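Chemist: Following this message is one structure expressed as structure tokens.
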Amino acid sequence: MTTRIPLSLALVAALAASPAVFAASPAKTDAAAKALPAADVAALDAALKGDWRDPKNAARDAYRHPKETLSFFGVTPSQTVVEITPGGGWYSEVLAPYLKAKGKYVAAVVDPAAVAEKSRNYYQRGVDNLQKKFTDGPAQFDKAATVKYDPAAPVFGAAGSADVVLTFRNVHNWRKAGQAEGMFKGFYEVLKPGGVLGVVEHRAKADVPADDGTGYVGEAQVIALATAAGFQLAGKSDVNANPKDTKDHPNGVWTLPPTNDHPEADRAKYQAIGESDRMTLRFIKPAAK
């Protein structure tokens with residue numbers, strides 16, 4: 001989830017309501033990906049086609065490639081999957097129903113009580129909105145769990161309790177806040193030996209400072225964070241790559257869809273680019289010896 005707290009909720013709502021009419025990059029395959037069993041593919045397809053999904057969210061499948069992304073990470077319906085800061089629940093709408101029958105979906109959200117007072121309302125609204133989504137759709141979300149964590153000392157569940165940890169477009173926020181190392185350590189702790197960490201992040205052309213405000217991060221920097229925490233890089237995918245993204249936009253990644261933080265006169269230009277270029281990385285927690 002890409003977050004830029006200074007945007008007002010009113011602006012966010014207005015942007016979310018704008019039509020999603022932008023160029024999609026073609027989905028690409030990756031030799032490192034393991035094909036899911038046919039039954040799991042069918043279950044994932046059913047979740048993606050579910051009529052409970054917000055139409056605005058489903059319209060973005062062409063740009064976020066959820067089927068290819070989750071397949072690359074090897075997510076199966078029988079696993080325990082922890083999604084870190086799911087925001088409005090874009091992936092929750094897919095993962096929770098997909099895992100409901102045989103697995104477990106856990107939404108890890110920032111504990112509002114653990115942050116500075118000036119930020120508490122922001123995080124509380126996020127928690128409340130996600131919980132409302134779960135409460136309003138019991139057929140899909142009644143088994144979805146929520147865990148609150150302190151960003152300064154994150155714990156995402158019992159040690160060794162998760163098969164997969166997923167994070168989508170969050171690393172830039174943690175680096176800027178000085179929390180990235182602790183977050184990756186927390187991912188490592190909650191995963192079982194052999195468990196998977198799946199990371200999607202806006203990809204910079206090269207390394208960027210920790211306080212960089214563009215939303216982009218160097219791929220080597222993300223890999224370094226994961227390996228320092230004990231993970232092994234198991235694969236890369238170009239499924240979320242976008243070669244049209246020049247990464248030099250006046251308002252960083254937020255210039256591009258879906259935020260569209262740009263003058264209306266430039267709309268056609270940025271719609272033609274589409275969403276940001278993104279790395280898709282799969283890491284493994286080494287099996288116990």
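Note on naming: chains are A, B, ... as they come in the structure tokens, residues start from 1 per chain, ligands start from 1 in the order shown.
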Any chance you could tabulate, as JSON lines, the residues of region 184-257 of chain A at most 12 Å from region 97-111 of chain A with each one's nearest atom pair and distance in Å to one decimal, using only C-alpha atoms, in chain and rising number order?
Modeler:
```
{"residue": "A:Gly186", "atom": "CA", "partner": "A:Ala108", "partner_atom": "CA", "distance": 11.3}
{"residue": "A:Phe187", "atom": "CA", "partner": "A:Ala108", "partner_atom": "CA", "distance": 10.9}
{"residue": "A:Val190", "atom": "CA", "partner": "A:Ala108", "partner_atom": "CA", "distance": 11.5}
```
Chemist: Only N, CA, C and O atoms, please: the residues just picked out, written as a PDB file, in the first residue's frame.
Modeler:
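Output below, filename again-v8.pdb:
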```
ATOM      1  N   GLY A 186      10.796  -8.379  11.806  1.00  0.00           N
ATOM      2  CA  GLY A 186       9.500  -8.909  12.224  1.00  0.00           C
ATOM      3  C   GLY A 186       8.944  -9.921  11.238  1.00  0.00           C
ATOM      4  O   GLY A 186       8.340 -10.934  11.636  1.00  0.00           O
ATOM      5  N   PHE A 187       9.139  -9.673   9.950  1.00  0.00           N
ATOM      6  CA  PHE A 187       8.687 -10.624   8.927  1.00  0.00           C
ATOM      7  C   PHE A 187       9.394 -11.974   9.126  1.00  0.00           C
ATOM      8  O   PHE A 187       8.772 -13.036   9.043  1.00  0.00           O
ATOM      9  N   VAL A 190       8.005 -13.972  12.235  1.00  0.00           N
ATOM     10  CA  VAL A 190       6.670 -14.565  12.165  1.00  0.00           C
ATOM     11  C   VAL A 190       6.592 -15.714  11.175  1.00  0.00           C
ATOM     12  O   VAL A 190       5.715 -16.573  11.275  1.00  0.00           O
TER      13      VAL A 190
END
```
Chemist: Each residue of region 143-222 of chain A lying at most 8 Å from region 75-96 of chain A should get a row with its shortest atom-to-atom pair and the distance in Å to one decimal, counting only C-alpha atoms; could you produce that, ordered by chain and increasing number, as CSV?
Modeler:
```
residue,atom,partner,partner_atom,distance
A:Lys143,CA,A:Ala96,CA,7.7
A:Ala144,CA,A:Ala96,CA,6.0
A:Phe156,CA,A:Val82,CA,7.7
A:Ser161,CA,A:Thr80,CA,7.6
A:Ala162,CA,A:Thr80,CA,5.1
A:Asp163,CA,A:Thr80,CA,5.3
A:Val164,CA,A:Val81,CA,4.8
A:Val165,CA,A:Val82,CA,4.8
A:Leu166,CA,A:Glu83,CA,4.8
A:Thr167,CA,A:Ile84,CA,5.2
A:Phe168,CA,A:Ile84,CA,7.8
A:Asn170,CA,A:Thr85,CA,7.9
```
Chemist: Can you tell me, as a VMD selection string, what residues are no more than 10 Å from Ser71 (chain A) when counting only C-alpha atoms, ignoring any on the same chain fewer than 5 positions away?
Modeler: chain A and resid 33 to 37 40 to 41 44 65 to 66 76
Chemist: Quick one: everything within 9 Å of region 113-117 of chain A, counting only C-alpha atoms, minus sequence neighbours fewer than 2 positions away in the same chain. Send it as a VMD selection string.
Modeler: chain A and resid 110 to 111 119 to 121 123 to 124 149 to 152
Chemist: Taking N, CA, C and O atoms for each residue, export the selection above as a tab-separated table (two decimals), in the first residue's frame.
Modeler:
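Result file out.tsv:
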```tsv
chain	number	residue	atom	x	y	z
A	110	VAL	N	-1.13	-1.01	11.61
A	110	VAL	CA	-0.45	-0.21	12.63
A	110	VAL	C	-1.41	0.05	13.79
A	110	VAL	O	-2.56	0.45	13.60
A	111	ASP	N	-0.92	-0.18	15.00
A	111	ASP	CA	-1.70	0.08	16.20
A	111	ASP	C	-1.74	1.59	16.43
A	111	ASP	O	-0.71	2.21	16.70
A	119	SER	N	-0.75	11.43	14.67
A	119	SER	CA	-1.03	10.46	13.59
A	119	SER	C	-2.10	9.45	13.97
A	119	SER	O	-2.51	8.66	13.12
A	120	ARG	N	-2.56	9.47	15.20
A	120	ARG	CA	-3.46	8.41	15.66
A	120	ARG	C	-4.78	8.38	14.90
A	120	ARG	O	-5.29	7.31	14.56
A	121	ASN	N	-5.37	9.54	14.65
A	121	ASN	CA	-6.64	9.56	13.94
A	121	ASN	C	-6.52	8.96	12.56
A	121	ASN	O	-7.41	8.24	12.08
A	123	TYR	N	-4.42	6.62	11.49
A	123	TYR	CA	-4.32	5.16	11.56
A	123	TYR	C	-5.60	4.54	12.09
A	123	TYR	O	-5.98	3.43	11.67
A	124	GLN	N	-6.28	5.22	12.99
A	124	GLN	CA	-7.54	4.68	13.50
A	124	GLN	C	-8.58	4.61	12.39
A	124	GLN	O	-9.34	3.63	12.32
A	149	TYR	N	0.18	-3.83	15.25
A	149	TYR	CA	1.60	-3.85	15.59
A	149	TYR	C	2.14	-2.45	15.83
A	149	TYR	O	1.62	-1.46	15.31
A	150	ASP	N	3.19	-2.40	16.63
A	150	ASP	CA	3.91	-1.16	16.91
A	150	ASP	C	5.02	-1.03	15.87
A	150	ASP	O	5.92	-1.88	15.82
A	151	PRO	N	5.01	0.00	15.03
A	151	PRO	CA	6.05	0.12	13.99
A	151	PRO	C	7.46	0.20	14.54
A	151	PRO	O	8.42	-0.14	13.84
A	152	ALA	N	7.59	0.63	15.79
A	152	ALA	CA	8.92	0.73	16.39
A	152	ALA	C	9.45	-0.60	16.89
A	152	ALA	O	10.66	-0.77	17.05
```
Chemist: Could you name the residues that touch region 223-231 of chain A at 6 Å or less, counting only C-alpha atoms, but leaving out those on the same chain fewer than 3 positions away, as a list in words?
Modeler: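 Everything that qualifies: Phe184, Lys185, Ala220, Phe283, Ile284 and Lys285 of chain A.
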Chemist: Next, write the just-selected residues to a file, as a CSV table (one decimal), in the first residue's frame, keeping N, CA and C atoms as the atom set.
Modeler:
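Result file follows (result34.csv):
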```csv
chain,number,residue,atom,x,y,z
A,184,PHE,N,11.5,-5.8,8.6
A,184,PHE,CA,12.0,-7.0,7.9
A,184,PHE,C,12.4,-8.1,9.0
A,185,LYS,N,12.9,-7.6,10.1
A,185,LYS,CA,13.2,-8.6,11.2
A,185,LYS,C,11.9,-9.2,11.7
A,220,ALA,N,18.2,-3.1,-5.3
A,220,ALA,CA,19.3,-3.6,-4.5
A,220,ALA,C,19.1,-3.3,-3.0
A,283,PHE,N,11.4,-13.9,-1.4
A,283,PHE,CA,12.4,-14.3,-0.5
A,283,PHE,C,12.0,-15.5,0.3
A,284,ILE,N,13.0,-16.3,0.8
A,284,ILE,CA,12.7,-17.4,1.6
A,284,ILE,C,13.4,-17.3,2.9
A,285,LYS,N,12.7,-17.7,4.0
A,285,LYS,CA,13.4,-17.9,5.3
A,285,LYS,C,14.0,-19.2,5.2
```
Chemist: I want to know what sits within 12 Å of Arg175 (chain A), based on only C-alpha atoms, with residues of the same chain fewer than 2 positions away left out; could you give that as number ranges by chain?
Modeler: A: 151, 169-173, 177-184, 208-213, 215-218, 221-222, 225
Chemist: For the residues selected in the previous step, produce a file with C-alpha atoms as a compact mmCIF listing (two decimals), in the first residue's frame.
Modeler:
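Output file again_18.txt is given in full below:
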```
# COMPACT_ATOMS: atom_id res chain seq x y z
CA PRO A 151 6.05 0.12 13.99
CA ARG A 169 4.31 -0.76 -1.98
CA ASN A 170 5.25 -0.09 1.64
CA VAL A 171 9.04 -0.22 1.89
CA HIS A 172 9.55 3.44 0.97
CA ASN A 173 7.40 4.49 3.93
CA ALA A 177 10.46 6.54 8.98
CA GLY A 178 13.59 4.62 9.98
CA GLN A 179 11.55 1.45 10.53
CA ALA A 180 12.55 -0.76 7.60
CA GLU A 181 15.13 -2.91 9.39
CA GLY A 182 12.74 -3.66 12.24
CA MET A 183 9.91 -4.50 9.86
CA PHE A 184 11.97 -7.05 7.94
CA VAL A 208 17.98 6.46 -3.18
CA PRO A 209 18.46 8.13 0.22
CA ALA A 210 16.35 6.84 3.09
CA ASP A 211 14.54 10.18 3.25
CA ASP A 212 13.80 10.22 -0.47
CA GLY A 213 10.28 11.52 -1.07
CA GLY A 215 8.10 6.76 -3.30
CA TYR A 216 10.68 4.80 -5.30
CA VAL A 217 13.31 2.49 -3.76
CA GLY A 218 16.35 0.84 -5.33
CA GLN A 221 18.28 -1.70 -1.33
CA VAL A 222 15.21 -3.88 -0.78
CA LEU A 225 17.16 -5.16 3.79
```
Chemist: Using Å and a single decimal, report how far CA of Val199 (chain A) sits from CA of Thr246 (chain A).
Modeler: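 About the pair CA of Thr246 (chain A) and CA of Val199 (chain A): they are 21.3 Å apart.
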Chemist: Considering only strand (DSSP E or B) as DSSP defines it on the backbone, what residues of region 2-196 of chain A qualify? List them as a count of residues only.
Modeler: 30
Chemist: Using DSSP secondary structure from the backbone, list all alpha helix (DSSP H) positions within region 163-238 of chain A, as a list in words.
Modeler: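 Of region 163-238 of chain A, only Val171, His172, Asn173, Trp174, Arg175, Lys176, Ala180, Glu181, Gly182, Met183, Phe184, Lys185, Gly186, Phe187, Tyr188, Glu189, Val190, Glu219, Ala220, Gln221, Val222, Ile223, Ala224, Leu225, Ala226, Thr227 and Ala228 of chain A fall in alpha helix (DSSP H).
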Chemist: If we count only C-alpha atoms, what is near Thr280 (chain A) at a cut-off of 8 Å, once residues fewer than 5 positions away on the same chain are taken out, given as a ChimeraX atom specification?
Modeler: /A:69,198-201,236-240
Chemist: Go ahead and write the selection's residues with all heavy atoms as a PDB file, in the first residue's frame.
Modeler:
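The resulting file, result.pdb, is shown below:
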```pdb
ATOM      1  N   THR A  69       0.991 -12.260  -9.721  1.00  0.00           N
ATOM      2  CA  THR A  69       1.806 -11.917  -8.555  1.00  0.00           C
ATOM      3  C   THR A  69       1.673 -12.958  -7.457  1.00  0.00           C
ATOM      4  O   THR A  69       2.679 -13.450  -6.912  1.00  0.00           O
ATOM      5  CB  THR A  69       1.403 -10.526  -8.028  1.00  0.00           C
ATOM      6  OG1 THR A  69       1.624  -9.548  -9.050  1.00  0.00           O
ATOM      7  CG2 THR A  69       2.210 -10.156  -6.796  1.00  0.00           C
ATOM      8  N   GLY A 198       6.969 -12.048   0.215  1.00  0.00           N
ATOM      9  CA  GLY A 198       6.730 -11.475  -1.101  1.00  0.00           C
ATOM     10  C   GLY A 198       6.680  -9.967  -1.021  1.00  0.00           C
ATOM     11  O   GLY A 198       5.922  -9.409  -0.211  1.00  0.00           O
ATOM     12  N   VAL A 199       7.488  -9.297  -1.830  1.00  0.00           N
ATOM     13  CA  VAL A 199       7.588  -7.839  -1.793  1.00  0.00           C
ATOM     14  C   VAL A 199       7.314  -7.261  -3.172  1.00  0.00           C
ATOM     15  O   VAL A 199       7.944  -7.666  -4.159  1.00  0.00           O
ATOM     16  CB  VAL A 199       8.989  -7.381  -1.336  1.00  0.00           C
ATOM     17  CG1 VAL A 199       9.063  -5.851  -1.312  1.00  0.00           C
ATOM     18  CG2 VAL A 199       9.337  -7.951   0.033  1.00  0.00           C
ATOM     19  N   VAL A 200       6.383  -6.315  -3.247  1.00  0.00           N
ATOM     20  CA  VAL A 200       6.171  -5.492  -4.436  1.00  0.00           C
ATOM     21  C   VAL A 200       6.448  -4.051  -4.018  1.00  0.00           C
ATOM     22  O   VAL A 200       5.934  -3.589  -3.001  1.00  0.00           O
ATOM     23  CB  VAL A 200       4.744  -5.630  -4.991  1.00  0.00           C
ATOM     24  CG1 VAL A 200       4.533  -4.693  -6.184  1.00  0.00           C
ATOM     25  CG2 VAL A 200       4.456  -7.079  -5.395  1.00  0.00           C
ATOM     26  N   GLU A 201       7.282  -3.349  -4.779  1.00  0.00           N
ATOM     27  CA  GLU A 201       7.642  -1.981  -4.428  1.00  0.00           C
ATOM     28  C   GLU A 201       7.972  -1.186  -5.679  1.00  0.00           C
ATOM     29  O   GLU A 201       8.456  -1.736  -6.667  1.00  0.00           O
ATOM     30  CB  GLU A 201       8.841  -2.002  -3.473  1.00  0.00           C
ATOM     31  CG  GLU A 201       9.381  -0.634  -3.059  1.00  0.00           C
ATOM     32  CD  GLU A 201       8.372   0.273  -2.375  1.00  0.00           C
ATOM     33  OE1 GLU A 201       7.435   0.724  -3.058  1.00  0.00           O
ATOM     34  OE2 GLU A 201       8.507   0.537  -1.165  1.00  0.00           O
ATOM     35  N   LYS A 236      12.926 -13.249  -8.845  1.00  0.00           N
ATOM     36  CA  LYS A 236      12.444 -11.936  -9.254  1.00  0.00           C
ATOM     37  C   LYS A 236      11.456 -12.131 -10.401  1.00  0.00           C
ATOM     38  O   LYS A 236      11.594 -13.055 -11.191  1.00  0.00           O
ATOM     39  CB  LYS A 236      13.583 -11.050  -9.761  1.00  0.00           C
ATOM     40  CG  LYS A 236      14.717 -10.793  -8.792  1.00  0.00           C
ATOM     41  CD  LYS A 236      15.763  -9.903  -9.457  1.00  0.00           C
ATOM     42  CE  LYS A 236      16.950  -9.647  -8.579  1.00  0.00           C
ATOM     43  NZ  LYS A 236      17.936  -8.733  -9.232  1.00  0.00           N
ATOM     44  N   SER A 237      10.496 -11.251 -10.487  1.00  0.00           N
ATOM     45  CA  SER A 237       9.551 -11.277 -11.597  1.00  0.00           C
ATOM     46  C   SER A 237       9.366  -9.874 -12.165  1.00  0.00           C
ATOM     47  O   SER A 237       9.410  -8.895 -11.428  1.00  0.00           O
ATOM     48  CB  SER A 237       8.193 -11.825 -11.147  1.00  0.00           C
ATOM     49  OG  SER A 237       7.234 -11.737 -12.193  1.00  0.00           O
ATOM     50  N   ASP A 238       9.165  -9.798 -13.470  1.00  0.00           N
ATOM     51  CA  ASP A 238       8.861  -8.540 -14.139  1.00  0.00           C
ATOM     52  C   ASP A 238       7.364  -8.365 -14.362  1.00  0.00           C
ATOM     53  O   ASP A 238       6.951  -7.523 -15.156  1.00  0.00           O
ATOM     54  CB  ASP A 238       9.589  -8.465 -15.483  1.00  0.00           C
ATOM     55  CG  ASP A 238      11.044  -8.098 -15.327  1.00  0.00           C
ATOM     56  OD1 ASP A 238      11.394  -7.518 -14.282  1.00  0.00           O
ATOM     57  OD2 ASP A 238      11.836  -8.410 -16.234  1.00  0.00           O
ATOM     58  N   VAL A 239       6.560  -9.136 -13.649  1.00  0.00           N
ATOM     59  CA  VAL A 239       5.119  -9.094 -13.879  1.00  0.00           C
ATOM     60  C   VAL A 239       4.544  -7.701 -13.629  1.00  0.00           C
ATOM     61  O   VAL A 239       3.572  -7.297 -14.267  1.00  0.00           O
ATOM     62  CB  VAL A 239       4.402 -10.158 -13.025  1.00  0.00           C
ATOM     63  CG1 VAL A 239       4.515  -9.849 -11.551  1.00  0.00           C
ATOM     64  CG2 VAL A 239       2.939 -10.298 -13.427  1.00  0.00           C
ATOM     65  N   ASN A 240       5.153  -6.949 -12.707  1.00  0.00           N
ATOM     66  CA  ASN A 240       4.670  -5.602 -12.401  1.00  0.00           C
ATOM     67  C   ASN A 240       5.609  -4.515 -12.903  1.00  0.00           C
ATOM     68  O   ASN A 240       5.570  -3.379 -12.426  1.00  0.00           O
ATOM     69  CB  ASN A 240       4.460  -5.463 -10.889  1.00  0.00           C
ATOM     70  CG  ASN A 240       3.325  -6.339 -10.393  1.00  0.00           C
ATOM     71  OD1 ASN A 240       2.201  -6.235 -10.857  1.00  0.00           O
ATOM     72  ND2 ASN A 240       3.630  -7.233  -9.460  1.00  0.00           N
TER      73      ASN A 240
END
```
Chemist: Report the distance between CA of Gly50 (chain A) and CA of Gln140 (chain A) in Å, rounded to one decimal place.
Modeler: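 Taking CA of Gly50 (chain A) as the start and CA of Gln140 (chain A) as the end point, the length is 9.5 Å.
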Chemist: Considering only C-alpha atoms, can you say which of A:Ala38, A:Ala47, A:Val127, A:Ala288 comes closest to Pro193 (chain A)?
Modeler: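 With only C-alpha atoms as the atom set, the closest residue is A:Ala288.
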Chemist: Could you tell me which of A:Leu70, A:Leu256, A:Ile273, A:Ala159 comes closest to Leu197 (chain A) if we count only C-alpha atoms?
Modeler: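 Nearest to Leu197 (chain A): A:Leu70.
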Chemist: When you count only C-alpha atoms, which of these residues is closest to Gln232 (chain A): A:Asp261, A:Leu281, A:Ala58, A:Gln271?
Modeler: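 Counting only C-alpha atoms, the residue closest to Gln232 (chain A) is A:Leu281.
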Chemist: Give the answer as one residue: which of A:Leu191, A:Phe73, A:Asn129, A:Pro138 has the shortest atom-to-atom distance to Arg282 (chain A), using only C-alpha atoms?
Modeler: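 When distances to Arg282 (chain A) are compared using only C-alpha atoms, the smallest one comes from A:Phe73.
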